[in-house]
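Peer 1: One file: data-v8.cif (mmCIF, C-alpha atoms).
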```cif
data_query
loop_
_atom_site.group_PDB
_atom_site.id
_atom_site.type_symbol
_atom_site.label_atom_id
_atom_site.label_comp_id
_atom_site.auth_asym_id
_atom_site.auth_seq_id
_atom_site.Cartn_x
_atom_site.Cartn_y
_atom_site.Cartn_z
ATOM 1 C CA MET A 1 102.345 37.967 -81.058
ATOM 2 C CA LYS A 2 102.510 40.506 -83.876
ATOM 3 C CA PRO A 3 103.730 37.987 -86.495
ATOM 4 C CA LEU A 4 100.773 35.753 -85.622
ATOM 5 C CA LEU A 5 98.307 38.626 -86.078
ATOM 6 C CA SER A 6 99.942 39.542 -89.380
ATOM 7 C CA PHE A 7 99.673 35.934 -90.538
ATOM 8 C CA LEU A 8 95.995 35.768 -89.559
ATOM 9 C CA PHE A 9 95.306 39.058 -91.297
ATOM 10 C CA LEU A 10 97.012 37.939 -94.509
ATOM 11 C CA SER A 11 95.334 34.526 -94.333
ATOM 12 C CA PHE A 12 91.932 36.111 -94.013
ATOM 13 C CA PHE A 13 92.334 38.334 -97.056
ATOM 14 C CA PHE A 14 94.567 36.319 -99.360
ATOM 15 C CA LEU A 15 94.097 32.657 -98.581
ATOM 16 C CA ARG A 16 90.303 32.580 -98.598
ATOM 17 C CA PRO A 17 88.703 30.623 -101.420
ATOM 18 C CA ILE A 18 87.476 32.893 -104.137
ATOM 19 C CA ALA A 19 83.716 32.720 -104.379
ATOM 20 C CA ALA A 20 82.119 32.140 -107.740
ATOM 21 C CA GLY A 21 81.026 35.387 -109.259
ATOM 22 C CA PRO A 22 77.409 36.306 -109.864
ATOM 23 C CA THR A 23 77.711 35.423 -113.559
ATOM 24 C CA ALA A 24 78.772 31.828 -112.842
ATOM 25 C CA ALA A 25 75.936 31.470 -110.337
ATOM 26 C CA ASN A 26 73.467 32.918 -112.839
ATOM 27 C CA ASP A 27 74.701 30.497 -115.517
ATOM 28 C CA THR A 28 74.176 27.456 -113.297
ATOM 29 C CA ASP A 29 70.795 28.844 -112.165
ATOM 30 C CA PHE A 30 69.859 29.147 -115.838
ATOM 31 C CA ILE A 31 70.789 25.489 -116.428
ATOM 32 C CA ARG A 32 68.859 24.348 -113.352
ATOM 33 C CA ALA A 33 65.766 26.331 -114.384
ATOM 34 C CA SER A 34 66.013 25.101 -117.983
ATOM 35 C CA CYS A 35 66.328 21.491 -116.815
ATOM 36 C CA SER A 36 62.977 21.764 -115.046
ATOM 37 C CA VAL A 37 61.226 21.135 -118.397
ATOM 38 C CA THR A 38 62.892 17.709 -118.724
ATOM 39 C CA LEU A 39 61.696 14.359 -117.390
ATOM 40 C CA TYR A 40 64.989 13.869 -115.522
ATOM 41 C CA PRO A 41 65.934 17.319 -114.173
ATOM 42 C CA HIS A 42 68.572 16.091 -111.695
ATOM 43 C CA LEU A 43 70.434 14.136 -114.403
ATOM 44 C CA CYS A 44 70.002 17.085 -116.768
ATOM 45 C CA TYR A 45 71.597 19.491 -114.316
ATOM 46 C CA SER A 46 74.399 17.138 -113.252
ATOM 47 C CA SER A 47 75.316 16.336 -116.867
ATOM 48 C CA LEU A 48 75.290 19.973 -118.048
ATOM 49 C CA SER A 49 76.315 22.161 -115.108
ATOM 50 C CA GLY A 50 80.001 21.491 -115.816
ATOM 51 C CA TYR A 51 79.503 23.310 -119.133
ATOM 52 C CA ALA A 52 78.080 26.471 -117.523
ATOM 53 C CA ASP A 53 80.931 28.649 -118.844
ATOM 54 C CA ALA A 54 80.249 27.541 -122.419
ATOM 55 C CA ILE A 55 76.455 27.643 -122.108
ATOM 56 C CA GLN A 56 76.229 30.916 -120.196
ATOM 57 C CA GLN A 57 72.502 31.716 -120.495
ATOM 58 C CA ASP A 58 71.992 30.760 -124.125
ATOM 59 C CA PRO A 59 69.186 28.225 -124.765
ATOM 60 C CA ALA A 60 70.631 27.310 -128.182
ATOM 61 C CA ARG A 61 74.022 26.463 -126.654
ATOM 62 C CA LEU A 62 72.298 24.560 -123.864
ATOM 63 C CA ALA A 63 70.383 22.405 -126.353
ATOM 64 C CA ARG A 64 73.489 21.908 -128.512
ATOM 65 C CA ILE A 65 75.649 20.817 -125.566
ATOM 66 C CA ALA A 66 72.892 18.519 -124.272
ATOM 67 C CA ILE A 67 72.810 16.862 -127.705
ATOM 68 C CA GLY A 68 76.607 16.576 -127.623
ATOM 69 C CA VAL A 69 76.515 14.880 -124.204
ATOM 70 C CA SER A 70 73.870 12.453 -125.469
ATOM 71 C CA LEU A 71 75.965 11.721 -128.564
ATOM 72 C CA SER A 72 79.089 11.050 -126.518
ATOM 73 C CA LYS A 73 77.322 8.635 -124.163
ATOM 74 C CA THR A 74 75.588 6.862 -127.059
ATOM 75 C CA ARG A 75 78.942 6.341 -128.786
ATOM 76 C CA HIS A 76 80.321 4.903 -125.545
ATOM 77 C CA ILE A 77 77.508 2.387 -125.262
ATOM 78 C CA VAL A 78 77.993 1.299 -128.894
ATOM 79 C CA ALA A 79 81.646 0.508 -128.137
ATOM 80 C CA TYR A 80 80.735 -1.206 -124.868
ATOM 81 C CA VAL A 81 77.982 -3.398 -126.383
ATOM 82 C CA SER A 82 80.143 -4.193 -129.436
ATOM 83 C CA ASN A 83 82.789 -5.632 -127.101
ATOM 84 C CA LEU A 84 80.157 -7.633 -125.234
ATOM 85 C CA THR A 85 78.800 -8.983 -128.526
ATOM 86 C CA ARG A 86 82.192 -10.436 -129.430
ATOM 87 C CA GLU A 87 82.390 -12.100 -126.009
ATOM 88 C CA ALA A 88 78.759 -13.326 -126.141
ATOM 89 C CA GLU A 89 79.337 -15.177 -129.407
ATOM 90 C CA TYR A 90 81.388 -17.695 -127.430
ATOM 91 C CA ARG A 91 78.573 -18.259 -124.945
ATOM 92 C CA ALA A 92 75.629 -20.611 -125.245
ATOM 93 C CA ASP A 93 72.809 -18.029 -124.905
ATOM 94 C CA PRO A 94 71.610 -17.181 -128.431
ATOM 95 C CA ARG A 95 68.943 -14.758 -127.103
ATOM 96 C CA ALA A 96 71.556 -12.625 -125.361
ATOM 97 C CA THR A 97 73.794 -12.645 -128.445
ATOM 98 C CA SER A 98 70.867 -11.642 -130.669
ATOM 99 C CA ALA A 99 69.771 -8.884 -128.268
ATOM 100 C CA LEU A 100 73.314 -7.520 -128.138
ATOM 101 C CA ARG A 101 73.653 -7.479 -131.936
ATOM 102 C CA ASP A 102 70.293 -5.731 -132.325
ATOM 103 C CA CYS A 103 71.253 -3.250 -129.617
ATOM 104 C CA VAL A 104 74.475 -2.337 -131.430
ATOM 105 C CA LEU A 105 72.531 -1.756 -134.664
ATOM 106 C CA ASN A 106 69.915 0.382 -132.924
ATOM 107 C CA MET A 107 72.465 2.396 -130.976
ATOM 108 C CA ASP A 108 74.505 2.888 -134.171
ATOM 109 C CA ASP A 109 71.387 4.331 -135.802
ATOM 110 C CA ALA A 110 70.881 6.550 -132.752
ATOM 111 C CA VAL A 111 74.465 7.829 -133.063
ATOM 112 C CA ASP A 112 73.830 8.802 -136.700
ATOM 113 C CA GLU A 113 70.567 10.554 -135.809
ATOM 114 C CA ILE A 114 72.033 12.444 -132.843
ATOM 115 C CA ASP A 115 75.074 13.405 -134.927
ATOM 116 C CA SER A 116 72.760 14.740 -137.650
ATOM 117 C CA SER A 117 70.878 16.709 -134.977
ATOM 118 C CA LEU A 118 74.081 18.224 -133.663
ATOM 119 C CA ASN A 119 75.202 19.243 -137.160
ATOM 120 C CA GLU A 120 71.806 20.808 -137.847
ATOM 121 C CA MET A 121 71.962 22.725 -134.546
ATOM 122 C CA ARG A 122 75.373 24.102 -135.492
ATOM 123 C CA GLY A 123 73.948 25.453 -138.731
ATOM 124 C CA LEU A 124 70.757 26.985 -137.306
ATOM 125 C CA VAL A 125 69.793 30.299 -138.778
ATOM 126 C CA VAL A 126 68.212 33.182 -136.905
ATOM 127 C CA PRO A 127 65.054 32.157 -135.027
ATOM 128 C CA VAL A 128 61.599 33.211 -136.222
ATOM 129 C CA SER A 129 62.405 32.318 -139.816
ATOM 130 C CA GLU A 130 61.046 29.577 -142.050
ATOM 131 C CA SER A 131 64.530 28.043 -142.254
ATOM 132 C CA PHE A 132 64.766 27.936 -138.451
ATOM 133 C CA ARG A 133 61.447 26.102 -138.172
ATOM 134 C CA PHE A 134 62.531 23.602 -140.828
ATOM 135 C CA GLN A 135 65.939 22.986 -139.245
ATOM 136 C CA ILE A 136 64.658 22.708 -135.677
ATOM 137 C CA GLY A 137 61.959 20.348 -136.949
ATOM 138 C CA ASN A 138 64.700 18.136 -138.392
ATOM 139 C CA VAL A 139 66.509 18.141 -135.036
ATOM 140 C CA GLN A 140 63.311 17.191 -133.196
ATOM 141 C CA THR A 141 62.591 14.386 -135.664
ATOM 142 C CA TRP A 142 66.106 12.936 -135.473
ATOM 143 C CA MET A 143 66.272 13.154 -131.668
ATOM 144 C CA SER A 144 62.874 11.444 -131.402
ATOM 145 C CA ALA A 145 64.071 8.700 -133.762
ATOM 146 C CA ALA A 146 67.239 8.262 -131.676
ATOM 147 C CA LEU A 147 65.138 7.900 -128.548
ATOM 148 C CA THR A 148 63.027 5.241 -130.270
ATOM 149 C CA ASP A 149 66.167 3.344 -131.343
ATOM 150 C CA GLU A 150 67.550 3.472 -127.811
ATOM 151 C CA GLU A 151 64.221 2.198 -126.479
ATOM 152 C CA THR A 152 64.296 -0.644 -129.004
ATOM 153 C CA CYS A 153 67.701 -1.683 -127.661
ATOM 154 C CA THR A 154 66.354 -2.199 -124.145
ATOM 155 C CA ASP A 155 63.149 -3.811 -125.429
ATOM 156 C CA GLY A 156 65.301 -6.472 -127.089
ATOM 157 C CA PHE A 157 66.453 -7.710 -123.687
ATOM 158 C CA GLU A 158 62.946 -8.540 -122.397
ATOM 159 C CA ASP A 159 63.328 -12.230 -123.337
ATOM 160 C CA VAL A 160 66.922 -12.469 -122.085
ATOM 161 C CA ALA A 161 67.391 -14.180 -118.720
ATOM 162 C CA GLU A 162 68.213 -11.931 -115.791
ATOM 163 C CA GLY A 163 71.895 -11.714 -115.128
ATOM 164 C CA PRO A 164 74.918 -9.409 -115.018
ATOM 165 C CA LEU A 165 75.089 -8.937 -118.799
ATOM 166 C CA LYS A 166 71.454 -7.833 -119.125
ATOM 167 C CA THR A 167 71.724 -5.613 -116.050
ATOM 168 C CA ALA A 168 74.910 -3.917 -117.249
ATOM 169 C CA VAL A 169 73.622 -3.195 -120.758
ATOM 170 C CA CYS A 170 70.156 -2.064 -119.688
ATOM 171 C CA LYS A 171 71.526 0.197 -116.944
ATOM 172 C CA ARG A 172 73.762 2.005 -119.435
ATOM 173 C CA ALA A 173 71.065 2.100 -122.116
ATOM 174 C CA VAL A 174 68.529 3.601 -119.709
ATOM 175 C CA LYS A 175 70.965 6.394 -118.798
ATOM 176 C CA VAL A 176 71.561 7.114 -122.482
ATOM 177 C CA LYS A 177 67.789 7.217 -123.086
ATOM 178 C CA LYS A 178 67.370 9.689 -120.236
ATOM 179 C CA LEU A 179 70.121 11.950 -121.603
ATOM 180 C CA THR A 180 68.570 11.845 -125.079
ATOM 181 C CA SER A 181 65.119 12.542 -123.635
ATOM 182 C CA ASN A 182 66.522 15.539 -121.740
ATOM 183 C CA ALA A 183 68.279 16.846 -124.844
ATOM 184 C CA LEU A 184 65.057 16.549 -126.844
ATOM 185 C CA ALA A 185 63.122 18.408 -124.134
ATOM 186 C CA LEU A 186 65.688 21.234 -124.209
ATOM 187 C CA VAL A 187 65.484 21.345 -128.023
ATOM 188 C CA ASN A 188 61.683 21.530 -127.790
ATOM 189 C CA SER A 189 61.929 24.337 -125.238
ATOM 190 C CA TYR A 190 64.351 26.246 -127.462
ATOM 191 C CA ALA A 191 62.109 25.655 -130.493
ATOM 192 C CA GLN A 192 59.175 27.228 -128.655
ATOM 193 C CA LYS A 193 61.240 30.263 -127.662
ATOM 194 C CA GLY A 194 62.686 30.594 -131.157
ATOM 195 C CA ALA A 195 59.297 30.352 -132.833
ATOM 196 C CA ASN A 196 57.938 33.301 -130.849
#
```
What would you get if you wrote out this structure as structure tokens?

Peer 2:
Amino acid sequence: MKPLLSFLFLSFFFLRPIAAGPTAANDTDFIRASCSVTLYPHLCYSSLSGYADAIQQDPARLARIAIGVSLSKTRHIVAYVSNLTREAEYRADPRATSALRDCVLNMDDAVDEIDSSLNEMRGLVVPVSESFRFQIGNVQTWMSAALTDEETCTDGFEDVAEGPLKTAVCKRAVKVKKLTSNALALVNSYAQKGAN
């Protein structure tokens, strides 16, 4: 009986899962609270909570990582739609082919704008300076332009017949738009904090 008690004792103290420390919980709480300013808070939290260690409780890092996530997903959709465009050229639906080509162009523009935003965020100077206001203004402008380009991509499919191609592209494009919208909201929130 004694070996069993010893095993239970050791199991209780050494084999228990280690709970996340208060810092990790505070970091994810910070992300959840910050995401409340976005239009899509659940997507915001689910897309950024995995970066809690890197973000900690820094609104600048949060905005920068949100932009990075948006950039990554936008690059993925460019590759995806580019492949579909090559396939669509062999099909008989010229509207779908045209919408796909336009979507690639718009999403390519969005990639450039989001990439410019990310580079500007990396070079931000200390808040409450004229340079900060100028740089954060650039980020806001580029992220807004990217959102418009992403919107234009989905608008181009309005005249395309319903079907798997339209559904697949629009579903992915809508998610990218939501991520970009969330990133812009977090940039705007950081800009307000930094301007005060």

Peer 1: With the PyMOL selection byres ((chain A and resi 33-45) around 9) as the selection, what would be picked from this file? Answer as a PyMOL selection string, please.

Peer 2: chain A and resi 28-32+46-50+59+62+66+175+178-179+181-186+189

Peer 1: Can you spit out the residues from that selection as an mmCIF file, in the coordinates of the input, using C-alpha atoms?

Peer 2:
```cif
data_model
loop_
_atom_site.group_PDB
_atom_site.id
_atom_site.type_symbol
_atom_site.label_atom_id
_atom_site.label_comp_id
_atom_site.auth_asym_id
_atom_site.auth_seq_id
_atom_site.Cartn_x
_atom_site.Cartn_y
_atom_site.Cartn_z
ATOM 1 C CA THR A 28 74.176 27.456 -113.297
ATOM 2 C CA ASP A 29 70.795 28.844 -112.165
ATOM 3 C CA PHE A 30 69.859 29.147 -115.838
ATOM 4 C CA ILE A 31 70.789 25.489 -116.428
ATOM 5 C CA ARG A 32 68.859 24.348 -113.352
ATOM 6 C CA SER A 46 74.399 17.138 -113.252
ATOM 7 C CA SER A 47 75.316 16.336 -116.867
ATOM 8 C CA LEU A 48 75.290 19.973 -118.048
ATOM 9 C CA SER A 49 76.315 22.161 -115.108
ATOM 10 C CA GLY A 50 80.001 21.491 -115.816
ATOM 11 C CA PRO A 59 69.186 28.225 -124.765
ATOM 12 C CA LEU A 62 72.298 24.560 -123.864
ATOM 13 C CA ALA A 66 72.892 18.519 -124.272
ATOM 14 C CA LYS A 175 70.965 6.394 -118.798
ATOM 15 C CA LYS A 178 67.370 9.689 -120.236
ATOM 16 C CA LEU A 179 70.121 11.950 -121.603
ATOM 17 C CA SER A 181 65.119 12.542 -123.635
ATOM 18 C CA ASN A 182 66.522 15.539 -121.740
ATOM 19 C CA ALA A 183 68.279 16.846 -124.844
ATOM 20 C CA LEU A 184 65.057 16.549 -126.844
ATOM 21 C CA ALA A 185 63.122 18.408 -124.134
ATOM 22 C CA LEU A 186 65.688 21.234 -124.209
ATOM 23 C CA SER A 189 61.929 24.337 -125.238
#
```

Peer 1: Could you tell me which residues the PyMOL selection byres ((chain A and resi 165) around 12) returns for this structure, as a ChimeraX atom specification?

Peer 2: /A:80-81,83-85,87-88,91,93,95-97,99-100,157,160-164,166-172

Peer 1: Would you write out, as a ChimeraX atom specification, every residue that the PyMOL selection byres ((chain A and resi 139-146) around 10) captures in this file?

Peer 2: /A:67,70-71,74,106-121,133-138,147-152,177,180-181,183-185,187-188,191

Peer 1: Between CA of Tyr51 in chain A and CA of Arg122 in chain A, what is the spacing in Å?

Peer 2: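 Computed distance, CA of Arg122 in chain A to CA of Tyr51 in chain A, equals 16.9 Å.
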
Peer 1: Give me, please, the distance in Å between CA of Gly156 in chain A and CA of Ser98 in chain A, quoted to one decimal.

Peer 2: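 That distance, rounded to one decimal, is 8.4 Å.
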
Peer 1: Would you mind reading off the distance between CA of Gln192 in chain A and CA of Asn26 in chain A, one decimal, in Å?

Peer 2: 22.1 Å

Peer 1: Let me have the centre and edge lengths of the axis-aligned box enclosing all listed atoms of range 147-166 of chain A with 5 Å padding on every side, in Å to one decimal, as lines of an AutoDock Vina configuration file.

Peer 2:
```
center_x = 69.0
center_y = -3.1
center_z = -123.2
size_x = 22.1
size_y = 32.1
size_z = 26.3
```

Peer 1: Which is closer to Asp102 in chain A than all the others in A:Asp155, A:Asp27, A:Asp53, A:Glu130, using only C-alpha atoms?

Peer 2: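 Distance minimum relative to Asp102 in chain A lands on A:Asp155.
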